[in-house]
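Next up, model_1.txt (compact mmCIF, C-alpha atoms):
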```txt
# COMPACT_ATOMS: atom_id res chain seq x y z
CA MET A 5 -48.29 70.33 -45.58
CA LEU A 6 -50.08 69.50 -42.33
CA VAL A 7 -50.49 73.08 -41.13
CA GLY A 8 -53.12 73.96 -43.73
CA LEU A 9 -54.67 70.54 -43.39
CA ILE A 10 -55.05 70.83 -39.63
CA GLY A 11 -56.72 74.22 -39.93
CA THR A 12 -59.35 73.13 -42.45
CA ALA A 13 -59.76 69.37 -42.30
CA GLY A 14 -62.00 67.28 -40.22
CA ASN A 15 -65.63 66.71 -39.77
CA GLY A 16 -65.90 68.64 -36.55
CA ARG A 17 -65.14 65.53 -34.46
CA VAL A 18 -61.41 66.16 -34.02
CA GLY A 19 -60.74 68.49 -31.08
CA MET A 20 -57.56 70.48 -30.42
CA LYS A 21 -56.11 67.83 -28.08
CA ASP A 22 -56.75 65.13 -30.70
CA ARG A 23 -55.16 67.32 -33.36
CA GLU A 24 -52.04 67.70 -31.23
CA ARG A 25 -51.95 63.94 -30.65
CA PHE A 26 -52.45 63.35 -34.37
CA LEU A 27 -49.60 65.72 -35.24
CA ALA A 28 -47.25 63.98 -32.79
CA LEU A 29 -48.09 60.54 -34.17
CA TYR A 30 -47.94 61.66 -37.79
CA GLU A 31 -44.62 63.42 -37.25
CA GLU A 32 -43.22 60.20 -35.80
CA HIS A 33 -44.59 57.83 -38.46
CA GLY A 34 -44.88 60.11 -41.51
CA PRO A 35 -41.44 59.10 -42.84
CA GLN A 36 -42.51 55.43 -43.00
CA VAL A 37 -45.71 56.41 -44.81
CA ARG A 38 -43.65 58.50 -47.24
CA GLY A 39 -41.23 55.61 -47.79
CA PHE A 40 -44.08 53.22 -48.51
CA LEU A 41 -45.72 55.65 -50.95
CA LEU A 42 -42.43 56.36 -52.70
CA ALA A 43 -41.72 52.65 -53.08
CA ALA A 44 -45.28 51.98 -54.27
CA THR A 45 -45.37 54.78 -56.85
CA GLY A 46 -41.73 55.12 -57.85
CA CYS A 47 -42.32 58.85 -58.24
CA PRO A 48 -41.61 61.51 -55.60
CA HIS A 49 -44.33 63.80 -56.96
CA GLN A 50 -46.97 61.07 -56.88
CA ALA A 51 -45.80 60.09 -53.40
CA ASP A 52 -46.20 63.72 -52.25
CA ASP A 53 -49.74 63.90 -53.64
CA LEU A 54 -50.69 60.59 -52.09
CA GLN A 55 -49.09 61.52 -48.75
CA GLN A 56 -51.23 64.63 -48.63
CA ASN A 57 -54.34 62.53 -49.30
CA VAL A 58 -53.30 60.02 -46.65
CA ALA A 59 -52.73 62.78 -44.07
CA ARG A 60 -56.16 64.25 -44.86
CA VAL A 61 -57.90 60.88 -44.51
CA LEU A 62 -56.01 60.07 -41.30
CA LEU A 63 -57.02 63.37 -39.75
CA GLU A 64 -60.62 63.01 -40.85
CA LYS A 65 -60.80 59.51 -39.36
CA PHE A 66 -58.62 60.16 -36.32
CA ALA A 67 -61.64 60.20 -33.99
CA ASP A 68 -62.19 56.54 -35.02
CA TYR A 69 -58.53 55.53 -34.46
CA ASP A 70 -58.13 52.72 -31.91
CA GLU A 71 -55.14 53.78 -29.80
CA THR A 72 -54.59 50.21 -28.64
CA ARG A 73 -53.28 49.45 -32.14
CA PRO A 74 -50.05 50.86 -33.59
CA PHE A 75 -50.55 54.14 -35.43
CA ARG A 76 -47.97 53.15 -38.04
CA CYS A 77 -49.98 50.08 -39.05
CA TRP A 78 -53.18 52.12 -39.26
CA ALA A 79 -51.47 54.86 -41.28
CA LEU A 80 -49.90 52.33 -43.64
CA GLY A 81 -53.29 50.67 -44.11
CA ILE A 82 -54.76 54.02 -45.16
CA ALA A 83 -51.72 54.62 -47.38
CA ARG A 84 -52.29 51.22 -49.00
CA LEU A 85 -55.93 52.08 -49.73
CA GLU A 86 -54.98 55.46 -51.19
CA THR A 87 -52.30 53.73 -53.31
CA LEU A 88 -54.86 51.23 -54.60
CA LYS A 89 -57.21 54.08 -55.54
CA TRP A 90 -54.33 55.79 -57.34
CA ARG A 91 -53.47 52.52 -59.06
CA GLN A 92 -57.05 52.10 -60.28
CA ARG A 93 -56.95 55.58 -61.83
CA LEU A 94 -53.72 54.70 -63.63
CA ALA A 95 -54.40 51.01 -64.33
CA ARG A 96 -53.53 51.28 -68.00
CA ARG A 97 -49.97 52.37 -67.33
CA ARG A 98 -47.28 49.70 -67.22
CA GLU A 99 -45.24 51.18 -64.38
CA VAL A 100 -47.97 50.73 -61.76
CA LEU A 101 -47.20 48.03 -59.19
CA SER A 102 -49.48 45.04 -58.83
CA ILE A 103 -51.78 44.76 -55.84
CA GLU A 104 -49.63 41.90 -54.55
CA ALA A 105 -46.50 44.06 -54.70
CA ILE A 106 -48.27 46.87 -52.84
CA ASP A 107 -49.36 44.39 -50.14
CA LEU A 108 -45.78 43.11 -49.81
CA LEU A 109 -44.47 46.67 -49.49
CA GLN A 110 -46.99 47.45 -46.76
CA ALA A 111 -46.03 44.32 -44.84
CA ALA A 112 -42.33 45.12 -45.17
CA CYS A 113 -42.86 48.70 -43.98
CA GLN A 114 -44.85 47.54 -40.95
CA ASP A 115 -42.29 44.94 -39.94
CA GLU A 116 -39.19 47.03 -40.47
CA ALA A 117 -38.03 49.60 -37.99
CA ASP A 118 -37.32 53.04 -39.37
CA PRO A 119 -33.77 52.70 -40.73
CA PHE A 120 -33.17 56.46 -40.51
CA ALA A 121 -34.51 57.07 -37.00
CA GLU A 122 -31.06 57.15 -35.38
CA ARG A 123 -29.74 59.47 -38.08
CA ARG A 124 -32.71 61.83 -37.66
CA GLU A 125 -32.16 61.90 -33.88
CA ARG A 126 -28.61 63.15 -34.34
CA LEU A 127 -29.39 65.69 -37.08
CA PRO A 128 -30.50 68.62 -34.84
CA ALA A 129 -27.24 68.60 -32.88
CA CYS A 130 -25.24 68.53 -36.11
CA VAL A 131 -27.29 71.39 -37.59
CA ALA A 132 -26.81 73.40 -34.40
CA ALA A 133 -23.03 72.98 -34.74
CA LEU A 134 -23.03 74.60 -38.20
CA PRO A 135 -22.15 78.27 -38.70
CA GLU A 136 -25.13 80.69 -38.81
CA GLN A 137 -24.78 81.25 -42.58
CA SER A 138 -25.01 77.50 -43.24
CA ARG A 139 -28.06 77.18 -40.99
CA ARG A 140 -29.68 80.07 -42.86
CA LEU A 141 -29.14 78.35 -46.22
CA LEU A 142 -30.64 75.13 -44.82
CA SER A 143 -33.63 77.03 -43.48
CA LEU A 144 -34.27 78.77 -46.79
CA ARG A 145 -34.02 75.49 -48.67
CA TYR A 146 -35.74 72.98 -46.40
CA GLU A 147 -38.04 75.01 -44.14
CA ARG A 148 -39.19 77.59 -46.67
CA GLY A 149 -38.81 75.26 -49.67
CA LEU A 150 -36.98 77.77 -51.84
CA ALA A 151 -35.08 76.71 -54.95
CA ALA A 152 -31.38 77.51 -55.31
CA LYS A 153 -32.16 80.41 -57.66
CA GLU A 154 -34.53 81.97 -55.12
CA ILE A 155 -32.03 81.48 -52.30
CA ALA A 156 -29.34 83.07 -54.45
CA GLY A 157 -31.45 86.23 -54.69
CA ASN A 158 -31.86 86.30 -50.90
CA VAL A 159 -28.19 85.85 -50.04
CA GLY A 160 -26.47 87.62 -52.91
CA ARG A 161 -24.84 84.56 -54.48
CA THR A 162 -25.26 82.72 -57.75
CA ALA A 163 -27.53 79.67 -57.90
CA ALA A 164 -24.47 77.51 -58.65
CA ALA A 165 -22.73 78.83 -55.53
CA VAL A 166 -25.82 78.09 -53.43
CA ASP A 167 -26.03 74.55 -54.85
CA MET A 168 -22.35 73.98 -54.06
CA ALA A 169 -22.74 75.38 -50.54
CA LEU A 170 -25.78 73.18 -49.86
CA SER A 171 -23.91 70.16 -51.17
CA ARG A 172 -21.01 70.87 -48.82
CA ILE A 173 -23.39 71.44 -45.89
CA ARG A 174 -25.15 68.13 -46.55
CA ARG A 175 -21.78 66.37 -46.65
CA LEU A 176 -20.77 68.02 -43.34
CA LEU A 177 -24.06 66.93 -41.78
CA ARG A 178 -23.67 63.38 -43.08
CA ASP A 179 -20.11 63.21 -41.69
CA CYS A 180 -21.22 64.65 -38.34
CA ILE A 181 -24.07 62.13 -38.04
CA ASP A 182 -21.75 59.28 -39.01
CA ARG A 183 -19.25 60.35 -36.32
CA LYS A 184 -22.01 60.48 -33.71
CA LEU A 185 -23.33 57.05 -34.74
CA ASN A 186 -19.83 55.59 -34.47
CA GLY A 187 -19.37 56.96 -30.96
CA GLY A 188 -17.24 59.89 -31.99
CA GLY A 189 -17.62 63.42 -30.77
CA PRO A 190 -19.13 66.41 -32.54
```
Would you kindly transcribe this structure into structure tokens?
Amino acid sequence: MLVGLIGTAGNGRVGMKDRERFLALYEEHGPQVRGFLLAATGCPHQADDLQQNVARVLLEKFADYDETRPFRCWALGIARLETLKWRQRLARRREVLSIEAIDLLQAACQDEADPFAERRERLPACVAALPEQSRRLLSLRYERGLAAKEIAGNVGRTAAAVDMALSRIRRLLRDCIDRKLNGGGP
């Protein structure tokens, strides 16, 4: 998502060093922005669309970012504004959260540490411990974004077999991360 955005966005004020800094900060705090947007919209697709808008606005305004303030708070503030714009467009629908609820979500996201940070830190080591074939399936699914049917064509399996393999891999990763969190070995 950010690769295309970085190449085309901006008003000419964001230099390469600032873009690298932006990417580092956004990579660190993007999951909290995504969590806020998902909670605010209740829809993964809407959250994806809004997250793309938020990333675009953050990059465009990054030259104005005050680095003495936490990036997460700034990003969540932009996410809140984008959510309010989205809410205005959909105001007639019942499932849209109230402004008060959106404000409460933003406050909760700012105050709460990332509950998945420790799990994410341990994930690369667990992925590295997987067999090559399992890592390839993960790469096709999560890096290239292919559906099970498309992966099946690449690896010579049925879509059902790919789904089952991915399910088993995710379970292995979850178990590995849990062991590492509980002080166990690999």
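Interatomic distance, atom CA of A:Ala133 to atom CA of A:Val166: 19.6 Å.
Using only C-alpha atoms for every distance, the candidate list A:Gly157, A:Ala44, A:Ala129, A:Ala151 yields A:Ala44 as the residue closest to A:Ser102.
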Which of A:Val58, A:Ala121, A:Ala43, A:Ala164 sits closest to A:Leu108 [using all atoms listed in the file]: A:Ala43
Nearby residues (only C-alpha atoms) at most 10 Å from A:Lys184, same-chain spacing under 6 positions excluded, as a ChimeraX atom specification: /A:122-123,126-127,129-130,178,190
Atom pair atom CA of A:Asp167 / atom CA of A:Ser143: separation (Å):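 Separation of atom CA of A:Asp167 and atom CA of A:Ser143: 13.9 Å.
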If I wrap all listed atoms of stretch 55-70 of chain A in a box with edges along x, y and z and add 3 Å on each side, what are its centre and edge lengths in Å to one decimal, as AutoDock Vina command-line options?
```
--center_x -55.6 --center_y 58.7 --center_z -40.6 --size_x 19.1 --size_y 17.9 --size_z 23.4
```
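Using all atoms listed in the file, the residues found no farther than 8 Å from stretch 81-91 of chain A, other than those of its own chain fewer than 4 positions away, are Val37, Phe40, Leu41, Ala44, Thr45, Leu54, Gln55, Asn57, Val58, Val61, Leu62, Cys77, Ala95, Val100, Leu101, Ile103, Ile106, Asp107 and Gln110 of chain A.
For A:Arg139, the list of residues within 12 Å, based on all atoms listed in the file and with local chain neighbours fewer than 4 positions off taken out, reads A:Pro128, A:Ala129, A:Cys130, A:Val131, A:Ala132, A:Ala133, A:Leu134, A:Pro135, A:Ser143, A:Leu144, A:Arg145, A:Tyr146, A:Glu147, A:Ala169, A:Leu170, A:Ile173, A:Arg174, A:Leu176, A:Leu177.
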Emit the selected residues as a compact mmCIF listing (two decimals), keeping the file's coordinate frame, including C-alpha atoms.
```
# COMPACT_ATOMS: atom_id res chain seq x y z
CA PRO A 128 -30.50 68.62 -34.84
CA ALA A 129 -27.24 68.60 -32.88
CA CYS A 130 -25.24 68.53 -36.11
CA VAL A 131 -27.29 71.39 -37.59
CA ALA A 132 -26.81 73.40 -34.40
CA ALA A 133 -23.03 72.98 -34.74
CA LEU A 134 -23.03 74.60 -38.20
CA PRO A 135 -22.15 78.27 -38.70
CA SER A 143 -33.63 77.03 -43.48
CA LEU A 144 -34.27 78.77 -46.79
CA ARG A 145 -34.02 75.49 -48.67
CA TYR A 146 -35.74 72.98 -46.40
CA GLU A 147 -38.04 75.01 -44.14
CA ALA A 169 -22.74 75.38 -50.54
CA LEU A 170 -25.78 73.18 -49.86
CA ILE A 173 -23.39 71.44 -45.89
CA ARG A 174 -25.15 68.13 -46.55
CA LEU A 176 -20.77 68.02 -43.34
CA LEU A 177 -24.06 66.93 -41.78
```
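Proximity of A:Arg124, A:Leu63, A:Leu141, A:Arg23 to A:Glu154, computed with only C-alpha atoms, is greatest for A:Leu141.
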With all atoms listed in the file as the counted atoms, please give the residues lying no more than 12 Å from A:Tyr30, apart from itself and same-chain residues fewer than 2 positions off, as a short mmCIF file (atom, residue, chain, number, x, y, z; two decimals) with C-alpha atoms, in the coordinates of the input.
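Okay, this is what ended up in result13.cif:
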```cif
data_model
loop_
_atom_site.label_atom_id
_atom_site.label_comp_id
_atom_site.auth_asym_id
_atom_site.auth_seq_id
_atom_site.Cartn_x
_atom_site.Cartn_y
_atom_site.Cartn_z
CA MET A 5 -48.29 70.33 -45.58
CA LEU A 6 -50.08 69.50 -42.33
CA ILE A 10 -55.05 70.83 -39.63
CA ASP A 22 -56.75 65.13 -30.70
CA ARG A 23 -55.16 67.32 -33.36
CA GLU A 24 -52.04 67.70 -31.23
CA ARG A 25 -51.95 63.94 -30.65
CA PHE A 26 -52.45 63.35 -34.37
CA LEU A 27 -49.60 65.72 -35.24
CA ALA A 28 -47.25 63.98 -32.79
CA GLU A 32 -43.22 60.20 -35.80
CA HIS A 33 -44.59 57.83 -38.46
CA GLY A 34 -44.88 60.11 -41.51
CA PRO A 35 -41.44 59.10 -42.84
CA GLN A 36 -42.51 55.43 -43.00
CA VAL A 37 -45.71 56.41 -44.81
CA ARG A 38 -43.65 58.50 -47.24
CA GLN A 55 -49.09 61.52 -48.75
CA GLN A 56 -51.23 64.63 -48.63
CA VAL A 58 -53.30 60.02 -46.65
CA ALA A 59 -52.73 62.78 -44.07
CA ARG A 60 -56.16 64.25 -44.86
CA LEU A 62 -56.01 60.07 -41.30
CA LEU A 63 -57.02 63.37 -39.75
CA PHE A 66 -58.62 60.16 -36.32
CA PRO A 74 -50.05 50.86 -33.59
CA PHE A 75 -50.55 54.14 -35.43
CA ARG A 76 -47.97 53.15 -38.04
CA CYS A 77 -49.98 50.08 -39.05
CA TRP A 78 -53.18 52.12 -39.26
CA ALA A 79 -51.47 54.86 -41.28
CA LEU A 80 -49.90 52.33 -43.64
#
```
